[in-house]
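Student: Structure in structure tokens, see below.
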Amino acid sequence: MCLAHPSPEDGPHMWRLARETGMDVNSPYAYALWCRDFSATSVVARDDEGRVAAYVTGYVRPDSPDTYFLWQVAVDSAFRGQRLARRMLDFIGDRITDRGLRYLEATVTPDNTASRALFASFARDRGAGVVWSPLLTGEHFPQEGDTPHEPEDLVRIGPFDQPESGA
């Protein structure tokens with residue numbers, strides 16, 4: 001499995017993966033632009049044949065330039081159980097701390113125990129604090145069908161130790 005920053009050509013594959021894994025799906029156009037404009041803060045995992053097997057998207061918050069916001073994590077069901085989400089999170093974690101960012105944020109629904117465990121282990125292994133707080137409730141989302149959108153809790157991890165500067 002090869003980890004790399006995405007290119008716009010990865011956008012359709014990320015859109016497909018989001019749809020197949022039950023993520024909140026953005027437009028195909030949004031994924032292509034994401035891969036152009038936020039490539040440096042995102043990662044794709046490609047299998048041995050070069051197909052996108054997983055991805056992480058995220059960005060540096062404009063109003064909080066020391067904070068990375070992780071937007072989506074998706075892993076193809078055929079590649080689950082291989083610690084891909086954690087490998088991608090570590091890839092991103094290394095890049096954001098190299099850039100001097102001190103915090104990582106994400107939102108997670110209350111029942112997503114796998115993501116909660118992923119972020120807790122990431123924080124622990126990086127020696128960083130982790131704080132959970134409510135952020136968005138169902139009323140922040142339009143009703144789609146019979147099932148309301150679950151609330152999203154904010155996880156804030158950090159501060160991260162800064163890399164030592166060369167002398």
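Scheme for the structure tokens: letters A, B, ... for chains in order shown; per-chain residue numbers from 1; ligand numbers from 1 in order shown.
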As a VMD selection string, please: all residues of stretch 20-94 of chain A that backbone DSSP puts in alpha helix (DSSP H).

Tutor: chain A and resid 20 28 to 37 84 to 94

Student: For A:Glu9, find every residue with an atom within 9 Å (counting only C-alpha atoms), except residues of its own chain fewer than 4 positions away, and show them as a list in words.

Tutor: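 Close residues of A:Glu9: His13, Ala32 and Cys35 of chain A.
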
Student: Quick check for you: according to DSSP on this backbone, which residues of stretch 26-108 of chain A are classed as strand (DSSP E)? Reply as a VMD selection string.

Tutor: chain A and resid 43 to 46 52 to 60 67 to 75 103 to 108

Student: For A:Phe91, which of A:Val108, A:Val60, A:Ile157, A:Ala45 is the closest residue, counting only C-alpha atoms?

Tutor: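 Going through A:Val108, A:Val60, A:Ile157, A:Ala45 one by one, the smallest distance to A:Phe91 is for A:Ala45.
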
Student: If we count only C-alpha atoms and set the cut-off at 12 Å, which residues sit around A:Val131, ignoring sequence neighbours fewer than 3 positions away in its own chain? Please answer as JSON, numbers by chain.

Tutor: {"A": [103, 104, 105, 106, 107, 116, 119, 120, 123, 128, 134, 153, 154, 155, 156, 157, 158, 159]}

Student: Pick out the closest residue to A:Ala18 from this set: A:Glu152, A:Asp76, A:Glu49, A:Asp146. Count only C-alpha atoms.

Tutor: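 Among the listed residues, the smallest separation from A:Ala18 belongs to A:Asp76.
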
Student: Tell me which of A:Ala114, A:Ser64, A:Gly138, A:Arg51 sits closest to A:Arg80, counting only C-alpha atoms.

Tutor: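 With only C-alpha atoms as the atom set, the closest residue is A:Ala114.
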
Student: Using only C-alpha atoms, which of A:Arg19, A:Arg87, A:Arg102, A:Arg95 sits nearest A:Gly129?

Tutor: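 Checking each candidate against A:Gly129, we get A:Arg102 as the closest.
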
Student: In Å, rounded to a single decimal, give me how far atom CA of A:Leu101 is from atom CA of A:Asp66.

Tutor: 4.4 Å

Student: So how far away is atom CA of A:Asp48 from atom CA of A:Trp71, in Å?

Tutor: 25.8 Å

Student: Env of A:Pro6: 12 Å cut, atoms = only C-alpha atoms, seq-sep filter 3 positions within chain, self excluded. Answer as a PyMOL selection string.

Tutor: chain A and resi 2-3+9-14+31-46+50-52+54-58

Student: Would you mind exporting C-alpha atoms of the selected residues as an mmCIF file, in the first residue's frame?

Tutor:
```cif
data_model
loop_
_atom_site.group_PDB
_atom_site.id
_atom_site.type_symbol
_atom_site.label_atom_id
_atom_site.label_comp_id
_atom_site.auth_asym_id
_atom_site.auth_seq_id
_atom_site.Cartn_x
_atom_site.Cartn_y
_atom_site.Cartn_z
ATOM 1 C CA CYS A 2 1.449 3.333 -1.051
ATOM 2 C CA LEU A 3 0.497 6.596 0.699
ATOM 3 C CA GLU A 9 -7.491 12.442 -11.093
ATOM 4 C CA ASP A 10 -8.091 10.777 -7.714
ATOM 5 C CA GLY A 11 -11.265 12.825 -7.146
ATOM 6 C CA PRO A 12 -13.700 10.443 -8.920
ATOM 7 C CA HIS A 13 -12.261 7.483 -7.026
ATOM 8 C CA MET A 14 -12.611 9.297 -3.707
ATOM 9 C CA TYR A 31 -13.566 15.908 -4.678
ATOM 10 C CA ALA A 32 -11.640 16.889 -7.827
ATOM 11 C CA LEU A 33 -11.160 20.440 -6.535
ATOM 12 C CA TRP A 34 -10.262 19.135 -3.083
ATOM 13 C CA CYS A 35 -7.473 17.079 -4.632
ATOM 14 C CA ARG A 36 -6.182 20.190 -6.378
ATOM 15 C CA ASP A 37 -6.544 22.789 -3.628
ATOM 16 C CA PHE A 38 -5.968 20.674 -0.499
ATOM 17 C CA SER A 39 -3.636 17.985 -1.814
ATOM 18 C CA ALA A 40 -0.883 18.907 0.664
ATOM 19 C CA THR A 41 -3.254 18.291 3.597
ATOM 20 C CA SER A 42 -4.854 15.122 2.261
ATOM 21 C CA VAL A 43 -3.662 11.589 1.528
ATOM 22 C CA VAL A 44 -4.700 8.600 -0.563
ATOM 23 C CA ALA A 45 -3.689 4.990 -0.088
ATOM 24 C CA ARG A 46 -3.204 3.126 -3.349
ATOM 25 C CA GLY A 50 -2.559 2.008 -8.160
ATOM 26 C CA ARG A 51 -6.255 2.055 -7.236
ATOM 27 C CA VAL A 52 -7.449 4.319 -4.423
ATOM 28 C CA ALA A 54 -8.581 4.751 1.178
ATOM 29 C CA TYR A 55 -8.254 8.476 1.733
ATOM 30 C CA VAL A 56 -8.140 11.262 4.297
ATOM 31 C CA THR A 57 -9.154 14.810 3.452
ATOM 32 C CA GLY A 58 -8.472 17.831 5.594
#
```

Student: Could you tell me how far atom CA of A:Thr113 lies from atom CA of A:Leu17, in Å and to one decimal?

Tutor: 20.6 Å

Student: In terms of the shortest atom-to-atom distance over only C-alpha atoms, which of A:Gly100, A:Pro28, A:Gly22, A:Pro8 is closest to A:Val73?

Tutor: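 Of A:Gly100, A:Pro28, A:Gly22, A:Pro8, the one nearest A:Val73, counting only C-alpha atoms, is A:Gly22.
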
Student: From the list A:Tyr68, A:Phe122, A:Trp132, A:Phe160, which residue is nearest A:Thr109 when using only C-alpha atoms?

Tutor: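 Under the stated criterion, the closest residue is A:Trp132.
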